[in-house]
>>> print(open('model31.txt').read())   # compact mmCIF, C-alpha atoms and all ligand atoms
# COMPACT_ATOMS: atom_id res chain seq x y z
CA MET A 217 6.19 -14.99 9.28
CA GLU A 218 5.41 -11.72 11.03
CA GLN A 219 3.13 -11.94 14.09
CA ILE A 220 -0.36 -10.53 13.76
CA ARG A 221 -0.27 -6.98 15.13
CA GLU A 222 -3.45 -5.17 16.00
CA ARG A 223 -2.06 -1.74 15.33
CA ARG A 224 -0.31 -0.98 12.06
CA VAL A 225 1.27 2.18 10.68
CA ALA A 226 -0.23 3.44 7.43
CA ILE A 227 0.70 6.24 5.03
CA VAL A 228 -2.09 7.62 2.86
CA THR A 229 -1.03 10.05 0.15
CA GLY A 230 -3.64 12.64 -0.83
CA GLY A 231 -5.47 11.99 2.41
CA SER A 232 -6.94 15.45 2.85
CA ARG A 233 -10.03 15.00 0.68
CA GLY A 234 -12.26 12.59 -1.22
CA ILE A 235 -11.20 8.97 -1.48
CA GLY A 236 -7.98 9.49 0.50
CA ARG A 237 -9.92 10.95 3.42
CA ALA A 238 -12.29 7.97 3.43
CA ILE A 239 -9.30 5.59 3.38
CA ALA A 240 -7.59 7.39 6.30
CA ILE A 241 -10.82 7.25 8.32
CA ALA A 242 -11.32 3.55 7.51
CA LEU A 243 -7.74 2.70 8.56
CA ALA A 244 -8.12 4.72 11.76
CA GLY A 245 -11.36 2.86 12.37
CA GLN A 246 -9.31 -0.35 12.43
CA GLY A 247 -7.06 1.15 15.10
CA HIS A 248 -4.09 1.94 12.88
CA GLN A 249 -1.81 4.95 13.24
CA VAL A 250 -2.11 7.04 10.09
CA VAL A 251 0.24 9.44 8.33
CA ILE A 252 -1.91 11.71 6.19
CA ASN A 253 -0.15 13.39 3.30
CA TYR A 254 -1.61 16.33 1.39
CA ALA A 255 -0.41 18.72 -1.31
CA GLY A 256 -1.46 22.09 0.11
CA ASN A 257 -4.92 21.97 1.67
CA GLN A 258 -3.95 21.95 5.35
CA GLU A 259 -7.42 22.75 6.63
CA ALA A 260 -8.89 19.74 4.83
CA ALA A 261 -6.06 17.53 6.12
CA MET A 262 -6.76 18.69 9.69
CA GLU A 263 -10.44 17.87 9.20
CA THR A 264 -9.47 14.34 8.06
CA ALA A 265 -7.36 13.95 11.22
CA ARG A 266 -10.30 15.10 13.35
CA LEU A 267 -12.63 12.64 11.64
CA CYS A 268 -10.12 9.80 12.18
CA ILE A 269 -10.10 10.44 15.94
CA GLU A 270 -13.88 10.91 16.01
CA THR A 271 -14.29 7.54 14.28
CA ASN A 272 -12.01 5.74 16.71
CA PRO A 273 -11.96 7.35 20.16
CA GLU A 274 -9.16 4.94 21.15
CA LEU A 275 -6.84 7.02 18.95
CA THR A 276 -5.41 10.34 20.09
CA GLU A 277 -3.85 13.22 18.18
CA ALA A 278 -0.49 11.52 18.69
CA ASP A 279 -1.64 8.62 16.47
CA ILE A 280 -2.29 10.81 13.43
CA LEU A 281 0.47 12.67 11.62
CA LEU A 282 -0.09 15.31 8.93
CA VAL A 283 2.68 15.72 6.36
CA LYS A 284 2.52 18.25 3.56
CA GLY A 285 4.41 17.17 0.46
CA ASP A 286 4.31 16.81 -3.29
CA VAL A 287 4.51 13.12 -4.23
CA SER A 288 6.01 13.96 -7.61
CA LYS A 289 9.16 15.12 -5.76
CA LYS A 290 11.63 12.53 -4.50
CA GLU A 291 12.74 14.58 -1.49
CA ASP A 292 9.12 15.04 -0.34
CA CYS A 293 8.45 11.28 -0.60
CA GLN A 294 11.57 10.51 1.40
CA ARG A 295 10.57 13.09 4.02
CA LEU A 296 7.14 11.48 4.24
CA ALA A 297 8.60 8.00 4.84
CA GLU A 298 11.08 9.43 7.38
CA ALA A 299 8.24 11.19 9.24
CA ALA A 300 6.41 7.86 9.59
CA MET A 301 9.56 6.10 10.83
CA GLU A 302 10.42 8.88 13.29
CA GLY A 303 6.84 9.19 14.52
CA PHE A 304 5.81 5.55 14.72
CA GLY A 305 8.94 3.42 14.14
CA ARG A 306 7.65 1.39 11.18
CA ILE A 307 5.66 1.52 7.95
CA ASP A 308 3.21 -1.34 7.36
CA ILE A 309 0.74 0.08 4.86
CA LEU A 310 1.23 2.48 1.97
CA VAL A 311 -1.79 3.73 0.06
CA ASN A 312 -0.72 5.63 -3.06
CA ASN A 313 -3.89 7.63 -3.50
CA ALA A 314 -2.76 11.16 -4.49
CA GLY A 315 -3.91 11.92 -7.99
CA ILE A 316 -4.89 14.73 -10.34
CA THR A 317 -6.56 15.21 -13.72
CA ARG A 318 -5.73 17.74 -16.45
CA ASP A 319 -8.23 16.70 -19.12
CA ASN A 320 -7.92 17.70 -22.77
CA LEU A 321 -8.12 16.11 -26.19
CA LEU A 322 -4.75 14.75 -27.29
CA MET A 323 -4.57 17.23 -30.19
CA ARG A 324 -4.77 20.11 -27.70
CA MET A 325 -3.01 18.58 -24.73
CA SER A 326 0.05 20.54 -23.64
CA GLU A 327 3.24 18.86 -22.54
CA GLU A 328 2.68 20.46 -19.15
CA GLU A 329 -0.77 18.83 -18.81
CA PHE A 330 0.74 15.49 -19.79
CA ASP A 331 3.78 15.76 -17.52
CA GLN A 332 1.87 17.00 -14.45
CA VAL A 333 -0.53 14.05 -14.50
CA ILE A 334 2.19 11.47 -15.11
CA GLY A 335 4.35 13.21 -12.47
CA THR A 336 1.78 12.99 -9.69
CA ASN A 337 -0.13 9.81 -10.53
CA LEU A 338 2.63 7.52 -11.85
CA ARG A 339 5.98 8.94 -10.77
CA GLY A 340 4.50 9.76 -7.34
CA ALA A 341 3.48 6.13 -6.77
CA TYR A 342 6.91 4.91 -7.94
CA LEU A 343 8.76 7.34 -5.63
CA MET A 344 6.61 6.44 -2.64
CA MET A 345 7.03 2.68 -3.17
CA GLN A 346 10.78 3.22 -3.33
CA ALA A 347 10.73 5.40 -0.20
CA VAL A 348 8.95 2.80 1.97
CA SER A 349 10.19 -0.50 0.63
CA ARG A 350 13.44 -0.68 2.63
CA ALA A 351 11.52 -0.39 5.91
CA MET A 352 8.94 -2.94 4.75
CA MET A 353 11.66 -5.36 3.62
CA LYS A 354 13.37 -5.15 7.02
CA GLN A 355 10.05 -5.90 8.69
CA ARG A 356 9.33 -8.64 6.18
CA TYR A 357 5.83 -7.23 6.12
CA GLY A 358 4.09 -4.66 3.96
CA ARG A 359 0.86 -3.86 2.20
CA ILE A 360 1.00 -1.47 -0.74
CA VAL A 361 -2.24 -0.36 -2.37
CA ASN A 362 -2.07 1.79 -5.48
CA MET A 363 -5.01 3.85 -6.70
CA ALA A 364 -5.59 3.13 -10.37
CA SER A 365 -8.81 3.82 -12.31
CA VAL A 366 -11.05 1.95 -14.74
CA VAL A 367 -9.82 4.56 -17.22
CA GLY A 368 -6.40 2.90 -17.03
CA ILE A 369 -8.03 -0.29 -18.31
CA MET A 370 -10.68 1.01 -20.72
CA GLY A 371 -9.23 4.36 -21.84
CA ASN A 372 -11.28 7.55 -21.97
CA SER A 373 -11.66 10.31 -24.49
CA GLY A 374 -10.05 13.52 -23.21
CA GLN A 375 -7.88 11.67 -20.69
CA VAL A 376 -4.86 10.38 -22.61
CA ASN A 377 -2.55 11.62 -19.86
CA TYR A 378 -4.69 10.27 -17.00
CA ALA A 379 -5.34 6.90 -18.70
CA ALA A 380 -1.62 6.50 -19.39
CA SER A 381 -0.80 7.28 -15.75
CA LYS A 382 -3.36 4.81 -14.40
CA GLY A 383 -2.51 2.09 -16.93
CA GLY A 384 1.08 2.63 -15.84
CA VAL A 385 0.09 2.30 -12.19
CA ILE A 386 -1.49 -1.07 -12.96
CA ALA A 387 1.58 -2.34 -14.85
CA MET A 388 3.87 -1.01 -12.10
CA THR A 389 1.74 -2.71 -9.42
CA LYS A 390 2.06 -6.10 -11.12
CA SER A 391 5.78 -5.68 -11.75
CA PHE A 392 6.69 -4.60 -8.22
CA ALA A 393 4.38 -7.31 -6.81
CA ARG A 394 6.53 -9.89 -8.63
CA GLU A 395 9.80 -8.31 -7.44
CA ILE A 396 8.85 -8.15 -3.78
CA ALA A 397 6.51 -11.12 -3.27
CA GLY A 398 9.13 -13.18 -1.41
CA ARG A 399 9.54 -10.52 1.30
CA GLY A 400 6.08 -10.63 2.84
CA ILE A 401 5.01 -7.52 0.93
CA THR A 402 1.91 -7.43 -1.26
CA VAL A 403 1.27 -4.83 -3.97
CA ASN A 404 -2.25 -4.47 -5.31
CA ALA A 405 -4.36 -1.85 -7.06
CA VAL A 406 -7.89 -0.58 -6.68
CA ALA A 407 -9.52 0.80 -9.83
CA PRO A 408 -12.48 3.05 -9.05
CA GLY A 409 -15.06 4.01 -11.64
CA PHE A 410 -16.95 7.29 -11.14
CA ILE A 411 -16.78 8.30 -7.49
CA ASP A 412 -18.46 11.35 -6.01
CA THR A 413 -15.54 13.61 -4.97
CA ASP A 414 -14.09 17.03 -5.86
CA MET A 415 -12.46 15.34 -8.88
CA THR A 416 -15.85 14.51 -10.42
CA LYS A 417 -17.61 17.69 -9.17
CA ALA A 418 -16.44 19.48 -12.30
CA MET A 419 -18.73 17.20 -14.37
CA THR A 420 -22.07 18.74 -15.38
CA GLU A 421 -25.27 16.98 -14.28
CA ASP A 422 -25.76 15.94 -17.93
CA ALA A 423 -22.26 14.41 -18.04
CA LYS A 424 -22.96 12.57 -14.77
CA ALA A 425 -26.28 11.25 -16.11
CA ALA A 426 -24.50 10.10 -19.29
CA ALA A 427 -21.80 8.39 -17.23
CA CYS A 428 -24.46 6.60 -15.15
CA GLN A 429 -25.91 5.14 -18.36
CA ASN A 430 -22.72 3.09 -18.71
CA ILE A 431 -22.78 1.92 -15.09
CA PRO A 432 -24.86 -1.23 -14.53
CA MET A 433 -25.68 0.02 -11.00
CA LYS A 434 -26.77 3.39 -12.49
CA ALA A 435 -25.13 5.47 -9.78
CA LEU A 436 -21.81 7.09 -8.87
CA GLY A 437 -19.83 5.38 -6.12
CA LYS A 438 -18.91 6.88 -2.76
CA PRO A 439 -15.40 7.31 -1.33
CA ALA A 440 -16.29 4.75 1.36
CA ASP A 441 -16.94 2.12 -1.36
CA VAL A 442 -13.33 2.51 -2.49
CA ALA A 443 -12.01 2.58 1.08
CA ALA A 444 -13.63 -0.81 1.76
CA ALA A 445 -11.64 -2.39 -1.09
CA VAL A 446 -8.44 -0.72 0.14
CA LEU A 447 -9.04 -2.13 3.64
CA PHE A 448 -9.10 -5.65 2.21
CA PHE A 449 -5.72 -5.27 0.47
CA ALA A 450 -4.29 -3.38 3.47
CA GLY A 451 -5.37 -6.02 5.97
CA GLU A 452 -3.68 -9.04 7.53
CA THR A 453 -5.93 -11.56 5.82
CA SER A 454 -5.03 -10.70 2.21
CA GLY A 455 -1.41 -11.85 2.56
CA TYR A 456 -1.69 -14.40 -0.28
CA VAL A 457 -3.16 -11.88 -2.74
CA THR A 458 -0.74 -9.79 -4.80
CA GLY A 459 -0.53 -8.09 -8.20
CA GLN A 460 -4.31 -7.82 -8.41
CA VAL A 461 -6.58 -5.04 -9.64
CA LEU A 462 -10.00 -4.71 -8.02
CA CYS A 463 -12.52 -2.50 -9.82
CA VAL A 464 -14.91 -0.56 -7.60
CA ASP A 465 -17.18 0.78 -10.30
CA GLY A 466 -20.77 -0.42 -10.04
CA GLY A 467 -20.03 -3.03 -12.71
CA MET A 468 -18.75 -0.60 -15.36
CA CYS A 469 -15.63 -2.54 -16.27
CA MET A 470 -15.94 -6.31 -16.03
CA MET A 471 -12.75 -8.20 -16.86
P1 LIG B 501 -9.59 14.66 -5.01
O1 LIG B 501 -10.88 14.73 -4.25
O2 LIG B 501 -9.31 15.64 -6.09
O3 LIG B 501 -8.39 14.66 -3.94
C1 LIG B 501 -7.07 14.58 -4.40
C2 LIG B 501 -6.14 14.39 -3.22
O4 LIG B 501 -4.81 14.25 -3.73
C3 LIG B 501 -6.11 15.59 -2.28
O5 LIG B 501 -5.92 15.10 -0.97
C4 LIG B 501 -4.89 16.37 -2.76
O6 LIG B 501 -4.30 17.18 -1.72
C5 LIG B 501 -3.97 15.23 -3.13
N1 LIG B 501 -2.91 15.58 -4.09
C6 LIG B 501 -3.03 16.08 -5.34
N2 LIG B 501 -1.82 16.25 -5.91
C7 LIG B 501 -0.91 15.85 -4.99
C8 LIG B 501 0.51 15.80 -4.96
N3 LIG B 501 1.26 16.17 -6.01
N4 LIG B 501 1.12 15.34 -3.84
C9 LIG B 501 0.39 14.94 -2.75
N5 LIG B 501 -0.96 14.98 -2.72
C10 LIG B 501 -1.59 15.42 -3.83
O7 LIG B 501 -9.43 13.22 -5.71
P2 LIG B 501 -10.22 11.85 -5.46
O8 LIG B 501 -11.39 11.83 -6.37
O9 LIG B 501 -10.40 11.59 -4.03
O10 LIG B 501 -9.15 10.83 -6.09
C11 LIG B 501 -8.25 10.09 -5.28
C12 LIG B 501 -7.56 9.06 -6.17
O11 LIG B 501 -8.53 8.20 -6.77
C13 LIG B 501 -6.76 9.65 -7.32
O12 LIG B 501 -5.60 8.89 -7.56
C14 LIG B 501 -7.71 9.51 -8.50
O13 LIG B 501 -7.04 9.48 -9.72
C15 LIG B 501 -8.37 8.19 -8.17
N6 LIG B 501 -9.66 8.01 -8.81
C16 LIG B 501 -10.71 8.84 -8.58
C17 LIG B 501 -11.91 8.63 -9.24
C18 LIG B 501 -13.12 9.50 -9.03
O14 LIG B 501 -14.11 9.32 -9.74
N7 LIG B 501 -13.11 10.43 -8.09
C19 LIG B 501 -12.02 7.57 -10.14
C20 LIG B 501 -10.94 6.74 -10.36
C21 LIG B 501 -9.75 6.96 -9.70
P3 LIG B 501 -4.85 18.70 -1.41
O15 LIG B 501 -6.19 18.54 -0.74
O16 LIG B 501 -3.82 19.26 -0.50
O17 LIG B 501 -4.96 19.38 -2.73
>>> encode(input="model31.txt", output="structure tokens", more="lines below")
Ligand code: NAP
Amino acid sequence: MEQIRERRVAIVTGGSRGIGRAIAIALAGQGHQVVINYAGNQEAAMETARLCIETNPELTEADILLVKGDVSKKEDCQRLAEAAMEGFGRIDILVNNAGITRDNLLMRMSEEEFDQVIGTNLRGAYLMMQAVSRAMMKQRYGRIVNMASVVGIMGNSGQVNYAASKGGVIAMTKSFAREIAGRGITVNAVAPGFIDTDMTKAMTEDAKAAACQNIPMKALGKPADVAAAVLFFAGETSGYVTGQVLCVDGGMCMM
């Protein structure tokens, strides 16, 4: 069994904004070195890096790496894993958080809307798991946390593409967890409900109020609520927990 290390190396995809930013800050708060991936918003990624160092003054700029890349592209995922290995020499934690929506009713949904969402949310998670797993297997240690959604469990009108991608993420999490369980690597998923980020900003106040009606806690969640669940799966103490899905949703989806 791998010795307990205080400082781990984490990759967070889509770490420039929203939930990914909160996860990067939470991991930095634990003293980990963090590789923050983003699609194009460099300014936001730099702000996440600044907040990581502000949260944990023991970290310096050298402990945070920013890597631009599109997770739907194999070469970008490989480059991201290589950057972590070159920068920090190992990869202990992968948080597959990058995600997009392209909402439409199925009857009107274009192939492009379908493919883009599957490409980023599902294919991206698959490519990243493949890119890091050799390093994790060599270490005989790894924590993979995939960002699903309650929509992947319950379905949602207007989100056939998104629900399919997140349902796929859950199935992929359980399958890879079974494949890799003997190597000291856990694979789990967090399924947020409605969280207050740029992704949900497009909702009208009426739509938000309607959504809250279906949430027993009657409120949207915060990125930090999701980050707390990720920290559990990413930590040393959850080593006997794998293939699980934890909903962070104010009680919306009880299984
Ligand atoms: P967000 O605020 O829209 O941020 C999305 C993040 O993903 C950004 O950092 C963005 O980078 C990055 N990204 C998008 N496409 C990418 C790509 N192809 N390659 C690499 N990075 C990419 O989203 P969020 O609300 O924080 O959501 C984060 C995750 O939680 C997603 O997987 C989402 O599906 C899931 N989730 C969210 C909610 C919610 O209510 N917000 C609920 C359930 C699940 P740039 O800044 O460079 O664009």
>>> residues_near_ligand(input="model31.txt", ligand="ligand LIG 501 (chain B)", cutoff="6 Å", atoms="only C-alpha atoms and all ligand atoms", output="compact mmCIF listing (two decimals) with C-alpha atoms, in the coordinates of the input")
# COMPACT_ATOMS: atom_id res chain seq x y z
CA THR A 229 -1.03 10.05 0.15
CA GLY A 230 -3.64 12.64 -0.83
CA GLY A 231 -5.47 11.99 2.41
CA SER A 232 -6.94 15.45 2.85
CA ARG A 233 -10.03 15.00 0.68
CA GLY A 234 -12.26 12.59 -1.22
CA ILE A 235 -11.20 8.97 -1.48
CA GLY A 236 -7.98 9.49 0.50
CA TYR A 254 -1.61 16.33 1.39
CA ALA A 255 -0.41 18.72 -1.31
CA GLY A 256 -1.46 22.09 0.11
CA ASN A 257 -4.92 21.97 1.67
CA GLY A 285 4.41 17.17 0.46
CA ASP A 286 4.31 16.81 -3.29
CA VAL A 287 4.51 13.12 -4.23
CA SER A 288 6.01 13.96 -7.61
CA ASN A 313 -3.89 7.63 -3.50
CA ALA A 314 -2.76 11.16 -4.49
CA GLY A 315 -3.91 11.92 -7.99
CA ILE A 316 -4.89 14.73 -10.34
CA THR A 336 1.78 12.99 -9.69
CA MET A 363 -5.01 3.85 -6.70
CA ALA A 364 -5.59 3.13 -10.37
CA SER A 365 -8.81 3.82 -12.31
CA PRO A 408 -12.48 3.05 -9.05
CA GLY A 409 -15.06 4.01 -11.64
CA PHE A 410 -16.95 7.29 -11.14
CA ILE A 411 -16.78 8.30 -7.49
CA ASP A 412 -18.46 11.35 -6.01
CA THR A 413 -15.54 13.61 -4.97
CA ASP A 414 -14.09 17.03 -5.86
CA MET A 415 -12.46 15.34 -8.88
CA THR A 416 -15.85 14.51 -10.42
>>> closest_residue(input="model31.txt", among="A:Ile241, A:Val367, A:Ala450, A:Ala347", to="A:Leu275", atoms="all atoms listed in the file")
A:Ile241
>>> atom_distance(input="model31.txt", atom1="atom CA of A:Asn272", atom2="atom CA of A:Ile252")
15.8 Å
>>> atom_distance(input="model31.txt", atom1="atom CA of A:Ala393", atom2="atom CA of A:Val361")
10.6 Å
>>> closest_residue(input="model31.txt", among="A:Gly247, A:Gly384, A:Gly374, A:Gly466", to="A:Gly335", atoms="only C-alpha atoms")
A:Gly384
>>> closest_residue(input="model31.txt", among="A:Gly455, A:Gly467, A:Gly305, A:Gly340", to="A:Ala407", atoms="all atoms listed in the file")
A:Gly467
>>> residues_around(input="model31.txt", residues="A:Leu296", least_positions_apart="3", cutoff="8 Å", atoms="only C-alpha atoms", output="list in words")
Asn253, Val283, Gly285, Asp292, Cys293, Ala299 and Ala300 of chain A
>>> atom_distance(input="model31.txt", atom1="atom CA of A:Arg266", atom2="atom CA of A:Ile280")
9.1 Å
>>> closest_residue(input="model31.txt", among="A:Ile309, A:Ala435, A:Ala379, A:Leu321", to="A:Ile401", atoms="all atoms listed in the file")
A:Ile309
>>> residues_near_point(input="model31.txt", point="(-7.3, -3.5, -12.4)", cutoff="12 Å", atoms="all atoms listed in the file", output="VMD selection string")
chain A and resid 361 to 370 382 to 390 404 to 409 458 to 465 469 to 471
>>> closest_residue(input="model31.txt", among="A:Ile431, A:Leu310, A:Asp331, A:Met323", to="A:Met344", atoms="only C-alpha atoms")
A:Leu310
>>> axis_aligned_box(input="model31.txt", around="stretch 456-460 of chain A", padding_each_side="6 Å", output="AutoDock Vina command-line options")
--center_x -2.4 --center_y -11.1 --center_z -4.3 --size_x 15.8 --size_y 18.6 --size_z 20.1
>>> residues_around(input="model31.txt", residues="A:Asp308", least_positions_apart="5", cutoff="7 Å", atoms="all atoms listed in the file", output="PyMOL selection string")
chain A and resi 224-226+352+357-359
